[in-house]
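Shown next: entry10.cif, containing mmCIF, C-alpha atoms.
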```
data_protein
loop_
_atom_site.label_atom_id
_atom_site.label_comp_id
_atom_site.auth_asym_id
_atom_site.auth_seq_id
_atom_site.Cartn_x
_atom_site.Cartn_y
_atom_site.Cartn_z
CA ILE A 1 -19.85 220.58 82.51
CA ARG A 2 -17.78 219.04 85.26
CA VAL A 3 -19.59 217.70 88.30
CA LEU A 4 -18.26 216.64 91.65
CA ASP A 5 -19.18 213.41 93.41
CA LEU A 6 -18.54 214.11 97.08
CA ALA A 7 -17.66 210.82 98.78
CA PRO A 8 -19.25 209.84 102.10
CA GLY A 9 -17.43 210.78 105.26
CA ALA A 10 -17.79 212.21 108.72
CA GLY A 11 -15.95 214.40 111.18
CA ASP A 12 -12.27 214.79 110.42
CA ASP A 13 -12.21 212.13 107.68
CA PRO A 14 -10.33 213.46 104.65
CA ILE A 15 -12.57 215.02 102.03
CA ARG A 16 -12.63 212.81 98.95
CA CYS A 17 -14.33 213.49 95.66
CA SER A 18 -14.39 212.51 92.01
CA LEU A 19 -14.69 214.96 89.14
CA SER A 20 -16.25 213.95 85.86
CA GLN A 21 -17.78 215.56 82.82
CA GLN A 22 -21.36 215.23 81.72
CA PRO A 23 -23.58 217.01 79.23
CA LEU A 24 -25.31 220.06 80.71
CA LYS A 25 -28.63 218.37 80.14
CA GLY A 26 -27.21 214.97 81.02
CA PRO A 27 -29.05 211.98 82.45
CA GLU A 28 -27.62 212.38 85.96
CA SER A 29 -28.93 215.11 88.23
CA TYR A 30 -26.73 217.35 90.34
CA GLU A 31 -27.15 220.05 92.97
CA ALA A 32 -25.59 223.46 92.26
CA VAL A 33 -24.08 225.19 95.28
CA SER A 34 -24.48 228.94 95.82
CA TYR A 35 -21.97 230.33 98.30
CA VAL A 36 -19.22 232.91 98.66
CA TRP A 37 -15.55 231.99 98.51
CA GLY A 38 -14.57 234.20 101.43
CA ASP A 39 -10.81 234.67 101.64
CA ALA A 40 -9.38 233.73 98.22
CA ASN A 41 -6.44 231.85 99.77
CA ARG A 42 -6.75 228.09 99.40
CA PRO A 43 -5.15 226.60 102.52
CA HIS A 44 -6.99 223.25 102.60
CA ASN A 45 -6.24 220.09 100.61
CA ILE A 46 -8.85 217.62 99.42
CA ILE A 47 -8.39 214.32 97.59
CA CYS A 48 -9.81 214.46 94.09
CA ASN A 49 -10.07 211.74 91.41
CA TRP A 50 -10.53 212.82 87.82
CA ARG A 51 -12.66 210.47 85.69
CA VAL A 52 -12.73 210.49 81.91
CA PRO A 53 -16.09 210.20 80.12
CA MET A 54 -16.58 207.59 77.41
CA ILE A 55 -19.21 208.61 74.84
CA TYR A 56 -21.36 205.91 73.23
CA ASP A 57 -23.94 207.17 70.70
CA ASN A 58 -25.35 210.05 72.80
CA ASP A 59 -24.95 207.99 75.96
CA TYR A 60 -21.94 207.98 78.21
CA ALA A 61 -20.21 206.00 80.92
CA LEU A 62 -17.35 206.89 83.21
CA MET A 63 -14.03 205.12 83.31
CA ALA A 64 -12.11 204.52 86.51
CA PRO A 65 -10.06 207.44 87.83
CA ASN A 66 -7.13 208.28 85.61
CA LYS A 67 -5.60 210.95 87.83
CA VAL A 68 -5.64 211.25 91.60
CA THR A 69 -4.42 214.27 93.51
CA ASP A 70 -4.34 214.67 97.25
CA ASN A 71 -3.37 218.31 97.12
CA PHE A 72 -6.30 219.95 95.37
CA LYS A 73 -6.47 223.31 97.17
CA VAL A 74 -9.75 224.88 98.33
CA THR A 75 -10.73 227.94 100.38
CA ASP A 76 -11.61 227.74 104.05
CA ASN A 77 -15.32 228.37 103.40
CA LEU A 78 -15.50 225.66 100.72
CA HIS A 79 -13.67 223.21 102.99
CA LYS A 80 -16.28 223.82 105.72
CA LEU A 81 -19.08 223.52 103.15
CA LEU A 82 -17.82 220.14 101.87
CA ARG A 83 -17.46 218.78 105.42
CA HIS A 84 -20.96 219.97 106.27
CA LEU A 85 -22.73 218.80 103.09
CA ARG A 86 -21.24 215.33 102.82
CA SER A 87 -23.32 212.40 103.95
CA PRO A 88 -21.90 209.74 106.25
CA ASP A 89 -23.11 206.91 104.01
CA GLU A 90 -23.73 208.01 100.39
CA SER A 91 -22.08 210.21 97.80
CA ARG A 92 -23.58 213.50 96.71
CA ARG A 93 -23.34 214.95 93.18
CA LEU A 94 -22.64 218.69 93.20
CA TRP A 95 -21.63 221.52 90.91
CA ILE A 96 -19.35 223.94 92.76
CA ASP A 97 -17.61 226.65 90.73
CA GLN A 98 -14.33 226.63 92.66
CA ILE A 99 -13.76 222.94 91.85
CA CYS A 100 -15.79 222.29 88.70
CA ILE A 101 -14.25 225.21 86.77
CA ASN A 102 -10.50 225.22 86.18
CA GLN A 103 -9.65 228.44 88.03
CA ASP A 104 -6.26 228.66 86.28
CA ASP A 105 -7.78 228.70 82.77
CA GLU A 106 -9.23 232.14 81.93
CA ALA A 107 -10.86 230.93 78.70
CA GLU A 108 -12.65 228.10 80.51
CA LYS A 109 -13.73 230.43 83.32
CA GLY A 110 -15.19 232.88 80.79
CA GLY A 111 -17.10 230.14 79.00
CA GLN A 112 -18.46 228.68 82.22
CA ILE A 113 -19.50 232.10 83.55
CA ARG A 114 -21.56 232.61 80.39
CA MET A 115 -23.28 229.25 81.14
CA MET A 116 -24.04 229.97 84.82
CA ALA A 117 -27.77 230.57 84.30
CA GLU A 118 -28.06 227.25 82.44
CA ILE A 119 -25.96 225.41 85.05
CA TYR A 120 -28.14 226.61 87.94
CA ALA A 121 -31.38 226.14 85.97
CA GLY A 122 -30.31 222.59 85.07
CA ALA A 123 -29.65 221.60 88.67
CA SER A 124 -32.15 219.42 90.49
CA ARG A 125 -31.77 221.84 93.39
CA VAL A 126 -29.69 224.85 94.45
CA VAL A 127 -28.01 224.53 97.83
CA ILE A 128 -27.53 227.98 99.39
CA TRP A 129 -24.63 227.80 101.85
CA LEU A 130 -24.64 230.65 104.34
CA ALA A 131 -21.46 229.39 106.03
CA LEU A 132 -20.66 228.56 109.59
CA ASP A 133 -20.90 231.82 111.47
CA PRO A 134 -18.43 232.38 114.30
CA ARG A 135 -21.26 234.28 116.01
CA PRO A 136 -24.31 232.20 115.02
CA VAL A 137 -27.76 233.70 115.23
CA ASP A 138 -30.98 231.91 116.02
CA ILE A 139 -32.50 231.61 112.56
CA GLU A 140 -35.77 230.29 114.00
CA GLU A 141 -36.03 233.51 116.03
CA ILE A 142 -35.49 235.54 112.86
CA CYS A 143 -38.28 233.63 111.08
CA HIS A 144 -40.57 234.12 114.08
CA ASP A 145 -39.88 237.87 114.01
CA MET A 146 -40.74 238.01 110.31
CA VAL A 147 -43.97 236.03 110.63
CA HIS A 148 -45.21 237.96 113.66
CA PHE A 149 -43.91 241.36 112.51
CA ASP A 150 -41.87 241.72 115.69
CA SER A 151 -38.63 243.64 115.79
CA PHE A 152 -36.49 243.00 112.74
CA ARG A 153 -33.32 243.59 114.77
CA HIS A 154 -32.25 239.93 114.48
CA LEU A 155 -32.94 239.85 110.76
CA ASN A 156 -31.02 243.07 110.10
CA HIS A 157 -28.03 241.75 112.06
CA PHE A 158 -28.14 238.49 110.14
CA LEU A 159 -28.40 240.14 106.71
CA GLU A 160 -25.63 242.63 107.47
CA ASN A 161 -23.25 239.97 108.78
CA THR A 162 -23.79 237.15 106.29
CA PRO A 163 -21.62 237.65 103.17
CA TRP A 164 -23.98 235.64 100.93
CA PHE A 165 -26.59 238.43 101.14
CA ARG A 166 -24.07 241.08 100.07
CA ARG A 167 -23.38 239.57 96.64
CA ALA A 168 -25.72 240.17 93.70
CA TRP A 169 -24.89 236.98 91.81
CA THR A 170 -25.64 234.68 94.76
CA PHE A 171 -29.24 235.86 94.90
CA GLN A 172 -29.52 235.33 91.14
CA GLU A 173 -28.23 231.77 91.57
CA SER A 174 -30.90 231.07 94.17
CA VAL A 175 -33.78 231.97 91.87
CA MET A 176 -32.44 230.25 88.74
CA GLY A 177 -32.91 226.72 90.05
CA ARG A 178 -36.10 224.70 90.15
CA GLU A 179 -35.84 224.33 93.90
CA ALA A 180 -33.52 225.83 96.51
CA ILE A 181 -32.65 225.03 100.10
CA VAL A 182 -30.84 227.24 102.60
CA VAL A 183 -28.18 225.69 104.85
CA TYR A 184 -26.98 227.65 107.88
CA GLU A 185 -25.20 225.82 110.68
CA ASP A 186 -27.44 222.77 111.34
CA TRP A 187 -30.52 224.57 110.01
CA THR A 188 -31.87 223.62 106.55
CA ARG A 189 -35.06 225.00 105.04
CA SER A 190 -36.63 225.49 101.64
CA TRP A 191 -35.89 228.89 100.09
CA ASP A 192 -39.63 229.18 99.40
CA VAL A 193 -40.39 229.11 103.14
CA LEU A 194 -38.22 232.16 103.61
#
```

Spell out the structure here as C-alpha coordinates.
Amino acid sequence: IRVLDLAPGAGDDPIRCSLSQQPLKGPESYEAVSYVWGDANRPHNIICNWRVPMIYDNDYALMAPNKVTDNFKVTDNLHKLLRHLRSPDESRRLWIDQICINQDDEAEKGGQIRMMAEIYAGASRVVIWLALDPRPVDIEEICHDMVHFDSFRHLNHFLENTPWFRRAWTFQESVMGREAIVVYEDWTRSWDVL
(Lines of atoms letter the chains of each structure in order from A and count residues from 1; the text may use other names and numbers.)
(Lines give C-alpha, C1' and ligand atoms only; values in the text may rest on other atoms or scores of the structure.)
Protein backbone atom coordinates (compact mmCIF):
# COMPACT_ATOMS: atom_id res chain seq x y z
CA ILE A 1 0.00 0.00 0.00
CA ARG A 2 1.00 3.63 -0.28
CA VAL A 3 1.24 5.64 2.92
CA LEU A 4 1.53 9.36 3.43
CA ASP A 5 4.02 11.02 5.74
CA LEU A 6 2.46 14.37 6.59
CA ALA A 7 5.26 16.85 7.31
CA PRO A 8 5.11 19.14 10.34
CA GLY A 9 3.60 22.56 9.88
CA ALA A 10 1.26 25.12 11.34
CA GLY A 11 -1.25 27.73 10.26
CA ASP A 12 -0.96 28.73 6.63
CA ASP A 13 2.33 26.86 6.03
CA PRO A 14 2.10 24.88 2.79
CA ILE A 15 1.02 21.29 3.26
CA ARG A 16 3.95 18.99 2.52
CA CYS A 17 3.96 15.23 2.44
CA SER A 18 5.86 12.23 1.17
CA LEU A 19 4.25 9.16 -0.37
CA SER A 20 5.89 5.78 -0.17
CA GLN A 21 4.97 2.14 -0.50
CA GLN A 22 5.12 -0.43 2.24
CA PRO A 23 3.81 -3.95 2.69
CA LEU A 24 0.28 -4.02 4.12
CA LYS A 25 1.63 -5.78 7.18
CA GLY A 26 4.82 -3.74 7.11
CA PRO A 27 7.07 -2.84 10.02
CA GLU A 28 5.93 0.80 10.18
CA SER A 29 2.55 1.66 11.65
CA TYR A 30 0.12 4.12 10.10
CA GLU A 31 -3.21 5.71 10.96
CA ALA A 32 -6.08 5.22 8.50
CA VAL A 33 -8.35 8.23 8.06
CA SER A 34 -12.12 7.83 7.76
CA TYR A 35 -13.79 10.91 6.29
CA VAL A 36 -16.01 12.05 3.44
CA TRP A 37 -14.63 13.81 0.39
CA GLY A 38 -17.39 16.40 0.25
CA ASP A 39 -17.43 18.26 -3.05
CA ALA A 40 -15.44 16.15 -5.54
CA ASN A 41 -13.68 19.21 -7.01
CA ARG A 42 -10.03 19.41 -6.01
CA PRO A 43 -9.24 23.13 -5.72
CA HIS A 44 -6.28 22.93 -3.30
CA ASN A 45 -2.64 22.13 -4.06
CA ILE A 46 -0.30 20.32 -1.71
CA ILE A 47 3.41 19.55 -2.12
CA CYS A 48 4.03 15.82 -2.41
CA ASN A 49 7.31 13.87 -2.67
CA TRP A 50 7.18 10.36 -4.06
CA ARG A 51 9.72 7.94 -2.56
CA VAL A 52 10.70 4.64 -4.11
CA PRO A 53 11.03 1.56 -1.87
CA MET A 54 14.18 -0.54 -1.99
CA ILE A 55 13.56 -4.18 -1.02
CA TYR A 56 16.30 -6.10 0.80
CA ASP A 57 15.44 -9.73 1.68
CA ASN A 58 11.95 -9.09 3.14
CA ASP A 59 13.13 -5.80 4.62
CA TYR A 60 12.91 -2.44 2.95
CA ALA A 61 14.30 1.06 3.06
CA LEU A 62 13.21 4.23 1.32
CA MET A 63 15.30 6.20 -1.12
CA ALA A 64 15.26 9.98 -1.29
CA PRO A 65 12.37 11.56 -3.21
CA ASN A 66 12.53 10.86 -6.91
CA LYS A 67 9.58 13.02 -7.92
CA VAL A 68 8.29 16.21 -6.35
CA THR A 69 5.05 17.89 -7.31
CA ASP A 70 3.67 21.09 -5.88
CA ASN A 71 0.35 20.78 -7.64
CA PHE A 72 -1.12 17.60 -6.20
CA LYS A 73 -4.83 18.47 -6.08
CA VAL A 74 -7.05 17.65 -3.09
CA THR A 75 -10.64 18.42 -2.08
CA ASP A 76 -11.55 21.21 0.30
CA ASN A 77 -12.44 18.80 3.12
CA LEU A 78 -9.16 16.88 2.77
CA HIS A 79 -7.19 20.13 2.71
CA LYS A 80 -8.84 21.16 6.02
CA LEU A 81 -8.22 17.68 7.43
CA LEU A 82 -4.49 17.77 6.58
CA ARG A 83 -4.10 21.25 8.10
CA HIS A 84 -5.90 20.12 11.24
CA LEU A 85 -4.16 16.76 11.71
CA ARG A 86 -0.58 17.85 11.11
CA SER A 87 1.66 18.37 14.08
CA PRO A 88 3.77 21.50 14.45
CA ASP A 89 6.91 19.50 15.22
CA GLU A 90 6.75 15.89 13.96
CA SER A 91 5.55 14.03 10.90
CA ARG A 92 2.50 11.79 10.97
CA ARG A 93 2.09 8.59 8.91
CA LEU A 94 -1.40 8.27 7.43
CA TRP A 95 -3.36 6.26 4.92
CA ILE A 96 -5.89 8.49 3.14
CA ASP A 97 -7.71 7.07 0.12
CA GLN A 98 -7.79 10.29 -1.92
CA ILE A 99 -3.98 10.52 -1.90
CA CYS A 100 -2.78 6.96 -1.32
CA ILE A 101 -4.85 5.49 -4.16
CA ASN A 102 -4.23 6.73 -7.69
CA GLN A 103 -7.69 8.16 -8.41
CA ASP A 104 -7.01 8.20 -12.16
CA ASP A 105 -6.31 4.45 -12.34
CA GLU A 106 -9.55 2.42 -12.24
CA ALA A 107 -7.73 -0.92 -11.91
CA GLU A 108 -5.75 0.31 -8.91
CA LYS A 109 -8.86 1.82 -7.31
CA GLY A 110 -10.71 -1.49 -7.69
CA GLY A 111 -7.85 -3.45 -6.15
CA GLN A 112 -7.49 -1.04 -3.24
CA ILE A 113 -11.24 -0.99 -2.57
CA ARG A 114 -11.15 -4.78 -2.23
CA MET A 115 -8.36 -4.34 0.37
CA MET A 116 -10.12 -1.65 2.44
CA ALA A 117 -11.03 -3.96 5.33
CA GLU A 118 -7.40 -5.11 5.58
CA ILE A 119 -6.07 -1.54 5.29
CA TYR A 120 -8.26 -0.28 8.14
CA ALA A 121 -7.70 -3.42 10.24
CA GLY A 122 -3.93 -3.06 9.76
CA ALA A 123 -3.86 0.54 10.94
CA SER A 124 -2.58 1.33 14.42
CA ARG A 125 -5.62 3.58 14.75
CA VAL A 126 -8.51 4.93 12.68
CA VAL A 127 -8.90 8.70 12.73
CA ILE A 128 -12.55 9.66 12.17
CA TRP A 129 -12.66 13.18 10.73
CA LEU A 130 -16.06 14.81 11.13
CA ALA A 131 -14.90 18.00 9.36
CA LEU A 132 -14.95 21.60 10.38
CA ASP A 133 -18.60 22.53 10.63
CA PRO A 134 -19.58 26.04 9.54
CA ARG A 135 -22.21 25.84 12.30
CA PRO A 136 -20.34 23.93 15.03
CA VAL A 137 -22.26 22.22 17.78
CA ASP A 138 -21.17 21.71 21.35
CA ILE A 139 -20.16 18.05 21.27
CA GLU A 140 -19.69 18.00 25.06
CA GLU A 141 -23.35 19.06 25.39
CA ILE A 142 -24.37 16.21 23.09
CA CYS A 143 -22.42 13.70 25.21
CA HIS A 144 -23.98 15.13 28.38
CA ASP A 145 -27.46 14.72 26.86
CA MET A 146 -26.72 11.10 26.01
CA VAL A 147 -25.31 10.21 29.43
CA HIS A 148 -28.12 11.91 31.35
CA PHE A 149 -30.90 10.91 28.93
CA ASP A 150 -31.84 14.55 28.42
CA SER A 151 -33.29 15.82 25.19
CA PHE A 152 -31.59 14.30 22.16
CA ARG A 153 -32.30 17.44 20.12
CA HIS A 154 -28.58 18.35 19.92
CA LEU A 155 -27.60 14.82 18.95
CA ASN A 156 -30.26 14.58 16.24
CA HIS A 157 -29.15 17.91 14.77
CA PHE A 158 -25.53 16.78 14.82
CA LEU A 159 -26.23 13.40 13.19
CA GLU A 160 -28.46 14.91 10.52
CA ASN A 161 -25.96 17.64 9.62
CA THR A 162 -22.68 15.74 9.69
CA PRO A 163 -22.04 13.97 6.35
CA TRP A 164 -19.83 11.29 7.93
CA PHE A 165 -22.87 9.74 9.64
CA ARG A 166 -24.81 9.53 6.36
CA ARG A 167 -22.37 7.16 4.65
CA ALA A 168 -22.45 3.41 5.30
CA TRP A 169 -18.79 2.73 4.51
CA THR A 170 -17.48 5.34 6.97
CA PHE A 171 -19.09 3.56 9.90
CA GLN A 172 -17.62 0.28 8.66
CA GLU A 173 -14.17 1.90 8.56
CA SER A 174 -14.54 3.01 12.16
CA VAL A 175 -15.15 -0.49 13.49
CA MET A 176 -12.50 -2.26 11.38
CA GLY A 177 -9.54 -0.72 13.18
CA ARG A 178 -8.03 -1.77 16.48
CA GLU A 179 -8.64 1.66 17.94
CA ALA A 180 -10.48 4.74 16.67
CA ILE A 181 -10.56 8.40 17.63
CA VAL A 182 -13.11 11.01 16.60
CA VAL A 183 -11.90 14.48 15.59
CA TYR A 184 -14.43 17.31 15.38
CA GLU A 185 -13.20 20.90 15.46
CA ASP A 186 -10.74 20.97 18.40
CA TRP A 187 -12.50 18.05 20.10
CA THR A 188 -10.84 14.59 20.04
CA ARG A 189 -12.16 11.53 21.85
CA SER A 190 -11.91 7.78 21.66
CA TRP A 191 -14.66 6.18 19.55
CA ASP A 192 -15.22 3.77 22.46
CA VAL A 193 -16.26 6.65 24.73
CA LEU A 194 -19.02 7.54 22.33

Problem set entry | Who sits within 10 Å of Asn45 in chain A, all atoms listed in the file, same chain under 4 positions skipped, as a list in words | Pro14, Ile15, Arg16, Thr69, Asp70, Asn71, Phe72, Lys73, Val74, Thr75, Asp76 and His79 of chain A

Taking a cut-off of 7 Å and counting all atoms listed in the file, can you build a table that, for each residue of range 73-130 of chain A near range 35-39 of chain A, reports the nearest atom pair and how far apart they are in Å (one decimal), sorted by chain then residue number, as JSON lines?
```
{"residue": "A:Thr75", "atom": "CA", "partner": "A:Trp37", "partner_atom": "CA", "distance": 6.6}
{"residue": "A:Asn77", "atom": "CA", "partner": "A:Trp37", "partner_atom": "CA", "distance": 6.1}
{"residue": "A:Leu78", "atom": "CA", "partner": "A:Trp37", "partner_atom": "CA", "distance": 6.7}
{"residue": "A:Ile128", "atom": "CA", "partner": "A:Tyr35", "partner_atom": "CA", "distance": 6.1}
{"residue": "A:Trp129", "atom": "CA", "partner": "A:Tyr35", "partner_atom": "CA", "distance": 5.1}
{"residue": "A:Leu130", "atom": "CA", "partner": "A:Tyr35", "partner_atom": "CA", "distance": 6.6}
```

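Taking CA of Tyr30 in chain A and CA of Tyr120 in chain A as the two end points, the separation is 9.7 Å.
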
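When the PyMOL selection byres ((chain A and resi 91) around 8) is evaluated against the file, it yields Asp5, Leu6, Ala7, Pro8, Arg86, Ser87, Asp89, Glu90, Arg92 and Arg93 of chain A.
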
For this session: Can you give me, as a PyMOL selection string, the residues this file yields under the PyMOL selection byres ((chain A and resi 124) around 12)?
Result: chain A and resi 24-33+93-95+118-123+125-127+176-181

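Distance-wise, CA of Gln112 in chain A and CA of Glu173 in chain A end up 13.9 Å apart.
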
Exercise. Quick one: residues within 7 Å of Ser18 in chain A, only C-alpha atoms counted, chain neighbours fewer than 2 positions away excluded, as a ChimeraX atom specification?
Worked result: /A:4-6,20,48-51

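We find CA of Asp13 in chain A and CA of Ile46 in chain A to be spaced 10.5 Å apart.
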
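In this comparison, which uses only C-alpha atoms, the residue of A:Ala117, A:Ile96, A:Gly110, A:Pro88 approaching Gly9 in chain A most closely is A:Pro88.
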
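Minimum atom-to-atom distances from A:Gln172, A:Ile113, A:His84, A:Ile99 to Asp186 in chain A were compared using only C-alpha atoms, and the lowest value belongs to A:His84.
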
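For the residues A:Gly11, A:Met115, A:Arg42, A:Leu85, ranking by smallest atom-to-atom distance to Trp187 in chain A using only C-alpha atoms places A:Leu85 first.
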
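Using only C-alpha atoms, the smallest distance between any of A:Lys109, A:Leu82, A:Ser34, A:Arg189 and Ile1 in chain A comes from A:Lys109.
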